[in-house]
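J.: Got a structure here, written out as structure tokens. Questions coming.
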Amino acid sequence: MPRFSVIVPAYKVQAYLQECLESVLGQSYPDLEVIAVDDCSPDACGALVDEFAARDARVRPVHLPENGGVGGARNAGIEHATGDYLVFVDGDDTLAPDALRAIADRIKEAGDADVVVYDHAHALWTGETVRSPFLGQLTEQGPAPFRLDDRPLLLKLPMVVWNKAYRREFVEREGLTFPSGAYADLPWTVPALLAAESVATLDRVCVHHRRPRKTADAPADTVSGSGHFDIHEQYDRIFAFVDARPELAHWRPVLFRRMVDQLMSVLGRPDRLPRTARAEFLRKSRAHYRRYRTKGAAVPLHARLRHLLVRTGSYRTYRAVRLASALRRHTTRFVKSLARSVRSAALKLHYRVQRRLPLRADRAVFTSHSGRGYGCNPGALESAFRSFVPGMRTAWVARPEHHHTLPTATARVRPGTAAYWTALARSKYLVSNVSWEERFAKRAGQVVIQTQYGTPLKRMGLDLQDRPAAARDTDFTALLADVDTWDHCLSANRHSTLVFERVFPGDYGTLETGQPRNDVFQQATSADVTRLRESLGIPEGSVAILYAPTHRDYLRGPRQTLDLERILRQLGPRYVLLTRAHRIYGAPLTHTSGGRLIDVTDHPNVESLCLASDALVTDYSSLMFDYANLDRPIVIHADDWEAYEAARGTYFDLRAFPPGAISRSEDELIDIFATGHWRGSRSTQLRTAFRERFCPYDDGRAAERVVRRLVLGETAGAASVTPLAERHPVPSAAAAFGGAPLASVERLEPSTDVLDAAGGTTR
């Protein structure tokens, strides 16, 4: 008997059915059967089902003699199911990688709960994936399992069948079946949650629910206008279920309020109901309101208008309220737009006035990553300005949510304010790692220092003109206009200098001084490392791996192909993963943070994370060039090099000149750490060659050299650099653990190969 019976109804989804079935059969948890139900589909769905059944014995095809709708197809699937748990996946949706393994683990933790509720994401036709907005309801904190009475807010989640797993014995005991109709999910999911004696939640995206493209002649909703009247009948079934069980009577007011909210939602969507059907829909909704209203039940203040409109059932009143609401919204938008225009004009005038006033030679303004917190090269230079230039007054441009990261001695400036434009107009030194405001006009006497933010591996600047996926909406004219304001551009090495001067052509001077942000790697002490590890919650005696992948230009959303929890299980209790997503995504790599899997995406200082870690795992991020200055192990996980190279392009083949071991699969990555290859002699040789090429100047005094050269005007001795052999970066905590492998598992199968720099294999 399999653990899961995955029921896939298929009707007119031939374009997506193959991807759906492959996502199920490709799960890392193989103990499953697939009940693929061809709902008498007129396209090739039936043939696809048979093709999959012929090549995989876990697929059980079911062909219905006539179309019965999604409810009937699911019922047919249940009749053929033999698994412990039922999982429903629509024929145009997909399961996320390792979803069934995560669900199985949660079921085990929850003691075979009747229902397990998990998260989903909407897969838009553009390729973008958007997670559902109900994250708070799926928290795994607190008792597990529980009853719905303990977590009533679960009813706020979408009442759909495909974001839950159901114990088959529970389904049979309760006699749950799907009715016909467009809203067939309602009278299944609500009774299932109400009747379940044990419920568990899983805060992980397990399903990608496809959202079809809107067309000019087709509504966004796939249900026809008349089909939406089916919602009334389905609520009849729900209330009949509740009325038949006196112990559920206290749920009646809750379900009543939910019914009103959903009815008004359907009525308010012009893509669901044709205009001619809305009055009739509202009249029928009024009848249901009067039928199921529970006397004495309180109605929240914010919902009283909705209840009033449904209770009266007057479509004219409803339209009048809608028109009044629309008028109010338009008026509000107009007033806000007018206020923005007035404010913009006032700031333009303010900036023009400030630019006519004298420059302040003792003022310098800094920013990093368009208003983010204190850090990167501008942060290191800001500190050096205050340390080496007596009387220098500095200001940092950052959004308010990042002001807590700024030193107390530095003035805080919000972007777009009068103080911001004053700083741009009157400060002599302007330091940034990105472009300044488009309206910024450089004055005579101002010194613009472009610090960049790393050694380039991926193509950038003008080299993106033939890379549309990477360039996206880049305005190359505006880019060159910004370059024309630069006086100096910092470079970490000769490679960077050659790239920058070609892709950012201009009259600026390039300074090969090293990366100021890397100075801390030579200045930090072992006490600093210990303090940072304690602040991050890294257990003493653990090996902390910093996993920091870069973004993908050929994908709109984050790419996560590694099962981080499995990696930790394989490596054993001595390993800890610090996961840091690229800032472009604004979301973590994992929503399970704590214990040995620690999300550090929002940590304000990546240099601190590097110091706290014992090894870096990355793909094509420029962080590898900075991390090499610590002389700590680096592992490159390059499982999509060809796709990345095709979309973005690189300046050299990282596989031929890596800073350490290279993996191409999850198993290879595990093997690198399990065998100790991550810090073996070959990895050390590769890292040494990498450092010699890309880290010639990062000796801990890069920021000082910049200030002495550009602000104090010193030239004598400014170019002296400590040789690599004489540098002593602070050692990692794991350096004291000896040379033996630290993993508690055996090596993986002999067929698993670890790639070396030459593309061969090594052990």
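We label chains A, B, ... in the order they appear in the structure tokens, count residues from 1 in each chain, and number ligands from 1 in the order shown.
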Just list the residues in region 494-613 of chain A DSSP gives strand (DSSP E) on the backbone, as a CSV table (one decimal) with all heavy atoms, in the first residue's frame.
T.:
chain,number,residue,atom,x,y,z
A,509,GLY,N,39.1,58.1,-13.6
A,509,GLY,CA,40.3,57.4,-13.4
A,509,GLY,C,40.0,56.1,-12.5
A,509,GLY,O,39.2,56.1,-11.6
A,510,THR,N,40.7,55.0,-12.9
A,510,THR,CA,40.5,53.8,-12.2
A,510,THR,C,41.6,53.6,-11.1
A,510,THR,O,42.8,53.8,-11.4
A,510,THR,CB,40.5,52.6,-13.1
A,510,THR,OG1,39.6,52.7,-14.2
A,510,THR,CG2,40.3,51.3,-12.4
A,511,LEU,N,41.2,53.3,-9.9
A,511,LEU,CA,42.1,53.1,-8.8
A,511,LEU,C,42.1,51.6,-8.4
A,511,LEU,O,41.1,51.1,-7.9
A,511,LEU,CB,41.7,53.9,-7.6
A,511,LEU,CG,41.8,55.4,-7.8
A,511,LEU,CD1,41.3,56.1,-6.5
A,511,LEU,CD2,43.2,55.9,-8.2
A,512,GLU,N,43.2,50.9,-8.6
A,512,GLU,CA,43.3,49.5,-8.2
A,512,GLU,C,43.8,49.5,-6.7
A,512,GLU,O,45.0,49.4,-6.4
A,512,GLU,CB,44.2,48.7,-9.1
A,512,GLU,CG,43.7,48.4,-10.4
A,512,GLU,CD,44.5,47.5,-11.3
A,512,GLU,OE1,45.5,46.9,-10.7
A,512,GLU,OE2,44.3,47.4,-12.5
A,543,VAL,N,30.1,23.3,12.2
A,543,VAL,CA,30.6,23.8,10.9
A,543,VAL,C,29.5,24.6,10.3
A,543,VAL,O,28.5,24.1,9.9
A,543,VAL,CB,31.1,22.7,10.0
A,543,VAL,CG1,31.6,23.3,8.7
A,543,VAL,CG2,32.2,21.9,10.7
A,544,ALA,N,29.7,25.9,10.1
A,544,ALA,CA,28.7,26.8,9.5
A,544,ALA,C,29.0,27.0,8.1
A,544,ALA,O,30.1,27.6,7.7
A,544,ALA,CB,28.7,28.1,10.3
A,545,ILE,N,28.1,26.6,7.2
A,545,ILE,CA,28.3,26.8,5.8
A,545,ILE,C,27.4,28.0,5.4
A,545,ILE,O,26.1,27.9,5.6
A,545,ILE,CB,27.9,25.5,5.0
A,545,ILE,CG1,28.7,24.3,5.4
A,545,ILE,CG2,28.0,25.7,3.5
A,545,ILE,CD1,28.2,23.0,4.9
A,546,LEU,N,27.9,29.0,4.7
A,546,LEU,CA,27.2,30.1,4.2
A,546,LEU,C,26.7,29.7,2.8
A,546,LEU,O,27.6,29.6,1.9
A,546,LEU,CB,28.0,31.4,4.2
A,546,LEU,CG,27.3,32.6,3.6
A,546,LEU,CD1,26.0,33.0,4.3
A,546,LEU,CD2,28.3,33.8,3.6
A,547,TYR,N,25.4,29.6,2.5
A,547,TYR,CA,24.9,29.3,1.2
A,547,TYR,C,24.3,30.6,0.6
A,547,TYR,O,23.3,31.1,1.1
A,547,TYR,CB,23.9,28.2,1.3
A,547,TYR,CG,23.2,27.9,-0.1
A,547,TYR,CD1,24.0,27.7,-1.2
A,547,TYR,CD2,21.8,27.8,-0.2
A,547,TYR,CE1,23.4,27.5,-2.5
A,547,TYR,CE2,21.2,27.5,-1.4
A,547,TYR,CZ,22.0,27.4,-2.5
A,547,TYR,OH,21.4,27.1,-3.7
A,575,TYR,N,26.8,20.1,11.3
A,575,TYR,CA,26.7,21.1,10.3
A,575,TYR,C,25.6,22.1,10.5
A,575,TYR,O,24.5,21.6,10.9
A,575,TYR,CB,26.7,20.5,8.9
A,575,TYR,CG,28.0,20.0,8.4
A,575,TYR,CD1,28.5,18.7,8.7
A,575,TYR,CD2,28.8,20.8,7.5
A,575,TYR,CE1,29.7,18.3,8.3
A,575,TYR,CE2,30.0,20.3,7.1
A,575,TYR,CZ,30.5,19.1,7.5
A,575,TYR,OH,31.7,18.7,7.0
A,576,VAL,N,25.8,23.3,10.1
A,576,VAL,CA,24.8,24.4,10.2
A,576,VAL,C,24.8,25.1,8.8
A,576,VAL,O,25.9,25.3,8.3
A,576,VAL,CB,25.0,25.4,11.3
A,576,VAL,CG1,24.1,26.5,11.2
A,576,VAL,CG2,24.9,24.7,12.7
A,577,LEU,N,23.6,25.4,8.3
A,577,LEU,CA,23.5,26.1,7.0
A,577,LEU,C,23.0,27.5,7.3
A,577,LEU,O,21.9,27.7,7.9
A,577,LEU,CB,22.5,25.4,6.1
A,577,LEU,CG,23.2,24.4,5.1
A,577,LEU,CD1,22.0,23.8,4.3
A,577,LEU,CD2,24.2,25.0,4.2
A,578,LEU,N,23.7,28.5,6.9
A,578,LEU,CA,23.3,29.9,6.9
A,578,LEU,C,22.8,30.3,5.4
A,578,LEU,O,23.7,30.3,4.5
A,578,LEU,CB,24.4,30.9,7.3
A,578,LEU,CG,25.2,30.5,8.6
A,578,LEU,CD1,26.3,31.5,8.8
A,578,LEU,CD2,24.2,30.6,9.8
A,579,THR,N,21.6,30.5,5.2
A,579,THR,CA,21.1,30.7,3.9
A,579,THR,C,20.8,32.2,3.6
A,579,THR,O,20.1,32.8,4.4
A,579,THR,CB,19.8,29.9,3.6
A,579,THR,OG1,18.7,30.3,4.5
A,579,THR,CG2,20.0,28.4,3.9
A,597,LEU,N,19.2,25.2,10.4
A,597,LEU,CA,18.9,25.9,9.1
A,597,LEU,C,18.5,27.3,9.4
A,597,LEU,O,17.4,27.6,9.9
A,597,LEU,CB,17.8,25.2,8.3
A,597,LEU,CG,17.5,25.7,6.9
A,597,LEU,CD1,18.7,25.6,6.0
A,597,LEU,CD2,16.4,24.9,6.3
A,598,ILE,N,19.5,28.2,9.3
A,598,ILE,CA,19.3,29.6,9.7
A,598,ILE,C,19.2,30.6,8.5
A,598,ILE,O,20.2,30.7,7.7
A,598,ILE,CB,20.5,30.0,10.7
A,598,ILE,CG1,20.6,29.0,11.8
A,598,ILE,CG2,20.2,31.4,11.2
A,598,ILE,CD1,21.8,29.3,12.7
A,599,ASP,N,18.1,31.3,8.4
A,599,ASP,CA,18.0,32.2,7.3
A,599,ASP,C,18.6,33.6,7.7
A,599,ASP,O,18.3,34.1,8.8
A,599,ASP,CB,16.5,32.5,7.0
A,599,ASP,CG,16.3,33.6,6.0
A,599,ASP,OD1,16.8,33.5,4.9
A,599,ASP,OD2,15.7,34.6,6.4
J.: Any chance you could tabulate, as a tab-separated table, the residues of region 429-545 of chain A at most 10 Å from region 367-385 of chain A with each one's nearest atom pair and distance in Å to one decimal, using only C-alpha atoms, in chain and rising number order?
T.:
residue	atom	partner	partner_atom	distance
A:Leu430	CA	A:Thr367	CA	8.5
A:Val431	CA	A:Pro378	CA	6.1
A:Ser432	CA	A:Thr367	CA	5.1
A:Asn433	CA	A:Ser368	CA	5.7
A:Val434	CA	A:His369	CA	6.1
A:Ser435	CA	A:Ser370	CA	7.8
A:Trp436	CA	A:Ser370	CA	7.9
A:Glu437	CA	A:Ser370	CA	9.0
A:Ile449	CA	A:Pro378	CA	9.2
A:Gln450	CA	A:Pro378	CA	8.9
A:Thr451	CA	A:Asn377	CA	6.2
A:Gln452	CA	A:Asn377	CA	7.6
A:Tyr453	CA	A:Asn377	CA	6.7
A:Gly454	CA	A:Asn377	CA	9.0
A:Leu490	CA	A:Asn377	CA	9.4
A:Gly514	CA	A:Asn377	CA	10.0
A:Gln515	CA	A:Asn377	CA	6.6
A:Pro516	CA	A:Asn377	CA	5.2
A:Arg517	CA	A:Asn377	CA	4.6
A:Asn518	CA	A:Asn377	CA	8.2
A:Asp519	CA	A:Ala380	CA	7.9
A:Val520	CA	A:Ala380	CA	8.7
J.: Interatomic distance between CA of Asp640 (chain A) and CA of Gln560 (chain A)?
T.: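 Separation between CA of Asp640 (chain A) and CA of Gln560 (chain A): 11.5 Å.
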J.: If you run DSSP on the backbone, which residues of region 218-382 of chain A are helix (DSSP H, G or I), as a PDB file with C-alpha atoms, in the first residue's frame?
T.:
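Wrote it out as out.pdb, contents follow:
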ATOM      1  CA  SER A 226     -24.098  31.070 -14.919  1.00  0.00           C
ATOM      2  CA  GLY A 227     -21.743  28.597 -13.282  1.00  0.00           C
ATOM      3  CA  HIS A 228     -21.138  31.011 -10.425  1.00  0.00           C
ATOM      4  CA  PHE A 229     -24.719  30.534  -9.248  1.00  0.00           C
ATOM      5  CA  ASP A 230     -23.517  27.085  -8.173  1.00  0.00           C
ATOM      6  CA  ILE A 231     -21.985  28.652  -5.078  1.00  0.00           C
ATOM      7  CA  HIS A 232     -25.397  28.977  -3.461  1.00  0.00           C
ATOM      8  CA  GLU A 233     -26.118  25.273  -3.792  1.00  0.00           C
ATOM      9  CA  GLN A 234     -22.718  24.374  -2.377  1.00  0.00           C
ATOM     10  CA  TYR A 235     -23.323  26.486   0.718  1.00  0.00           C
ATOM     11  CA  ASP A 236     -26.638  24.670   1.098  1.00  0.00           C
ATOM     12  CA  ARG A 237     -24.608  21.473   1.371  1.00  0.00           C
ATOM     13  CA  ILE A 238     -22.220  22.988   3.896  1.00  0.00           C
ATOM     14  CA  PHE A 239     -24.967  24.198   6.204  1.00  0.00           C
ATOM     15  CA  ALA A 240     -26.794  20.873   5.855  1.00  0.00           C
ATOM     16  CA  PHE A 241     -23.598  19.157   7.044  1.00  0.00           C
ATOM     17  CA  VAL A 242     -23.360  21.499  10.050  1.00  0.00           C
ATOM     18  CA  ASP A 243     -27.066  21.209  10.922  1.00  0.00           C
ATOM     19  CA  PRO A 246     -25.214  19.550  16.720  1.00  0.00           C
ATOM     20  CA  GLU A 247     -21.628  19.655  18.029  1.00  0.00           C
ATOM     21  CA  LEU A 248     -20.737  21.917  15.075  1.00  0.00           C
ATOM     22  CA  ALA A 249     -23.470  24.487  15.714  1.00  0.00           C
ATOM     23  CA  HIS A 250     -20.975  27.061  17.008  1.00  0.00           C
ATOM     24  CA  TRP A 251     -19.419  27.193  13.514  1.00  0.00           C
ATOM     25  CA  ARG A 252     -22.639  28.446  11.909  1.00  0.00           C
ATOM     26  CA  PRO A 253     -21.992  32.215  12.450  1.00  0.00           C
ATOM     27  CA  VAL A 254     -18.411  31.835  11.189  1.00  0.00           C
ATOM     28  CA  LEU A 255     -19.515  30.033   8.034  1.00  0.00           C
ATOM     29  CA  PHE A 256     -22.318  32.533   7.527  1.00  0.00           C
ATOM     30  CA  ARG A 257     -19.892  35.458   7.552  1.00  0.00           C
ATOM     31  CA  ARG A 258     -17.581  33.598   5.200  1.00  0.00           C
ATOM     32  CA  MET A 259     -20.467  32.919   2.827  1.00  0.00           C
ATOM     33  CA  VAL A 260     -21.388  36.616   2.731  1.00  0.00           C
ATOM     34  CA  ASP A 261     -17.778  37.603   2.038  1.00  0.00           C
ATOM     35  CA  GLN A 262     -17.478  35.088  -0.795  1.00  0.00           C
ATOM     36  CA  LEU A 263     -20.817  36.009  -2.356  1.00  0.00           C
ATOM     37  CA  MET A 264     -19.837  39.673  -2.411  1.00  0.00           C
ATOM     38  CA  SER A 265     -16.457  38.736  -3.859  1.00  0.00           C
ATOM     39  CA  VAL A 266     -18.121  36.927  -6.768  1.00  0.00           C
ATOM     40  CA  LEU A 267     -20.554  39.799  -7.300  1.00  0.00           C
ATOM     41  CA  ARG A 275     -23.956  42.426 -16.093  1.00  0.00           C
ATOM     42  CA  THR A 276     -27.352  40.909 -16.897  1.00  0.00           C
ATOM     43  CA  ALA A 277     -26.942  38.224 -14.217  1.00  0.00           C
ATOM     44  CA  ARG A 278     -25.794  40.343 -11.292  1.00  0.00           C
ATOM     45  CA  ALA A 279     -29.228  41.458 -10.053  1.00  0.00           C
ATOM     46  CA  GLU A 280     -30.481  37.859 -10.037  1.00  0.00           C
ATOM     47  CA  PHE A 281     -27.303  36.701  -8.255  1.00  0.00           C
ATOM     48  CA  LEU A 282     -27.817  39.334  -5.552  1.00  0.00           C
ATOM     49  CA  ARG A 283     -31.490  38.344  -5.097  1.00  0.00           C
ATOM     50  CA  LYS A 284     -30.498  34.712  -4.642  1.00  0.00           C
ATOM     51  CA  SER A 285     -27.788  35.756  -2.226  1.00  0.00           C
ATOM     52  CA  ARG A 286     -30.395  37.689  -0.210  1.00  0.00           C
ATOM     53  CA  ALA A 287     -32.460  34.502   0.135  1.00  0.00           C
ATOM     54  CA  HIS A 288     -29.420  32.631   1.432  1.00  0.00           C
ATOM     55  CA  TYR A 289     -28.636  35.458   3.814  1.00  0.00           C
ATOM     56  CA  ARG A 290     -32.094  35.231   5.375  1.00  0.00           C
ATOM     57  CA  ARG A 291     -32.018  31.434   5.402  1.00  0.00           C
ATOM     58  CA  TYR A 292     -28.718  30.965   7.193  1.00  0.00           C
ATOM     59  CA  LEU A 301     -17.764  46.679  11.895  1.00  0.00           C
ATOM     60  CA  HIS A 302     -15.750  46.539   8.667  1.00  0.00           C
ATOM     61  CA  ALA A 303     -18.201  44.002   7.180  1.00  0.00           C
ATOM     62  CA  ARG A 304     -21.483  45.666   8.072  1.00  0.00           C
ATOM     63  CA  LEU A 305     -21.905  47.430   4.743  1.00  0.00           C
ATOM     64  CA  ARG A 306     -21.438  44.151   2.853  1.00  0.00           C
ATOM     65  CA  HIS A 307     -24.014  42.441   5.034  1.00  0.00           C
ATOM     66  CA  LEU A 308     -26.435  45.328   4.576  1.00  0.00           C
ATOM     67  CA  LEU A 309     -26.164  45.142   0.783  1.00  0.00           C
ATOM     68  CA  VAL A 310     -26.762  41.389   0.732  1.00  0.00           C
ATOM     69  CA  ARG A 311     -29.604  41.591   3.244  1.00  0.00           C
ATOM     70  CA  THR A 312     -31.484  44.220   1.224  1.00  0.00           C
ATOM     71  CA  TYR A 315     -28.941  45.847  -7.030  1.00  0.00           C
ATOM     72  CA  ARG A 316     -29.600  49.575  -7.523  1.00  0.00           C
ATOM     73  CA  THR A 317     -28.385  50.248  -4.002  1.00  0.00           C
ATOM     74  CA  TYR A 318     -25.393  48.018  -4.598  1.00  0.00           C
ATOM     75  CA  ARG A 319     -24.500  49.901  -7.792  1.00  0.00           C
ATOM     76  CA  ALA A 320     -24.888  53.270  -6.050  1.00  0.00           C
ATOM     77  CA  VAL A 321     -22.540  52.191  -3.263  1.00  0.00           C
ATOM     78  CA  ARG A 322     -20.042  50.872  -5.801  1.00  0.00           C
ATOM     79  CA  LEU A 323     -20.143  54.113  -7.764  1.00  0.00           C
ATOM     80  CA  ALA A 324     -19.684  56.153  -4.590  1.00  0.00           C
ATOM     81  CA  SER A 325     -16.717  53.995  -3.592  1.00  0.00           C
ATOM     82  CA  ALA A 326     -15.179  54.351  -7.052  1.00  0.00           C
ATOM     83  CA  LEU A 327     -15.653  58.130  -6.941  1.00  0.00           C
ATOM     84  CA  ARG A 328     -13.978  58.280  -3.543  1.00  0.00           C
ATOM     85  CA  ARG A 329     -11.027  56.226  -4.814  1.00  0.00           C
ATOM     86  CA  HIS A 330     -10.624  58.418  -7.895  1.00  0.00           C
ATOM     87  CA  THR A 331     -10.799  61.569  -5.777  1.00  0.00           C
ATOM     88  CA  THR A 332      -8.228  60.220  -3.350  1.00  0.00           C
ATOM     89  CA  ARG A 333      -5.886  59.279  -6.177  1.00  0.00           C
ATOM     90  CA  PHE A 334      -6.275  62.728  -7.754  1.00  0.00           C
ATOM     91  CA  VAL A 335      -5.509  64.523  -4.510  1.00  0.00           C
ATOM     92  CA  LYS A 336      -2.461  62.338  -3.871  1.00  0.00           C
ATOM     93  CA  SER A 337      -1.234  62.841  -7.430  1.00  0.00           C
ATOM     94  CA  LEU A 338      -1.642  66.600  -7.111  1.00  0.00           C
ATOM     95  CA  ALA A 339       0.239  66.576  -3.806  1.00  0.00           C
ATOM     96  CA  ARG A 340       3.070  64.585  -5.365  1.00  0.00           C
ATOM     97  CA  SER A 341       3.309  67.024  -8.273  1.00  0.00           C
ATOM     98  CA  VAL A 342       3.446  70.042  -5.957  1.00  0.00           C
ATOM     99  CA  ARG A 343       6.064  68.368  -3.774  1.00  0.00           C
ATOM    100  CA  SER A 344       8.181  67.387  -6.796  1.00  0.00           C
ATOM    101  CA  ALA A 345       8.116  70.928  -8.143  1.00  0.00           C
ATOM    102  CA  ALA A 346       9.102  72.324  -4.755  1.00  0.00           C
ATOM    103  CA  LEU A 347      12.034  69.913  -4.457  1.00  0.00           C
ATOM    104  CA  LYS A 348      13.245  70.782  -7.966  1.00  0.00           C
ATOM    105  CA  LEU A 349      13.253  74.452  -7.030  1.00  0.00           C
ATOM    106  CA  HIS A 350      15.002  73.659  -3.742  1.00  0.00           C
ATOM    107  CA  TYR A 351      17.732  71.710  -5.549  1.00  0.00           C
ATOM    108  CA  ARG A 352      18.313  74.522  -8.041  1.00  0.00           C
ATOM    109  CA  VAL A 353      18.711  77.006  -5.204  1.00  0.00           C
ATOM    110  CA  GLN A 354      21.080  74.753  -3.258  1.00  0.00           C
ATOM    111  CA  ARG A 355      23.283  74.211  -6.317  1.00  0.00           C
ATOM    112  CA  CYS A 376      29.569  47.413   1.311  1.00  0.00           C
ATOM    113  CA  ASN A 377      32.411  49.589  -0.027  1.00  0.00           C
ATOM    114  CA  PRO A 378      30.667  52.918   0.700  1.00  0.00           C
ATOM    115  CA  GLY A 379      30.262  51.854   4.351  1.00  0.00           C
ATOM    116  CA  ALA A 380      33.953  51.056   4.715  1.00  0.00           C
ATOM    117  CA  LEU A 381      34.886  54.358   3.068  1.00  0.00           C
ATOM    118  CA  GLU A 382      32.489  56.356   5.251  1.00  0.00           C
TER     119      GLU A 382
END
J.: Give me the residues near Ala76 (chain A) as a list in words, where near means some atom within 8 Å (using only C-alpha atoms) and where sequence neighbours in that chain fewer than 4 positions away do not count.
T.: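 Listed by chain and then number, they are Val37, Val62, Gly72 and His80 of chain A.
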J.: Any chance you can output those residues with N, CA and C atoms as a compact mmCIF listing (two decimals), in the first residue's frame?
T.:
# COMPACT_ATOMS: atom_id res chain seq x y z
N VAL A 37 -7.04 10.61 -14.06
CA VAL A 37 -8.43 10.43 -14.50
C VAL A 37 -8.69 11.28 -15.74
N VAL A 62 -7.44 6.06 -15.50
CA VAL A 62 -8.89 5.87 -15.40
C VAL A 62 -9.52 6.71 -16.50
N GLY A 72 -16.69 14.85 -10.25
CA GLY A 72 -16.87 13.45 -10.63
C GLY A 72 -15.55 12.76 -10.91
N HIS A 80 -10.48 4.40 -6.83
CA HIS A 80 -9.36 3.55 -7.23
C HIS A 80 -8.15 3.71 -6.32
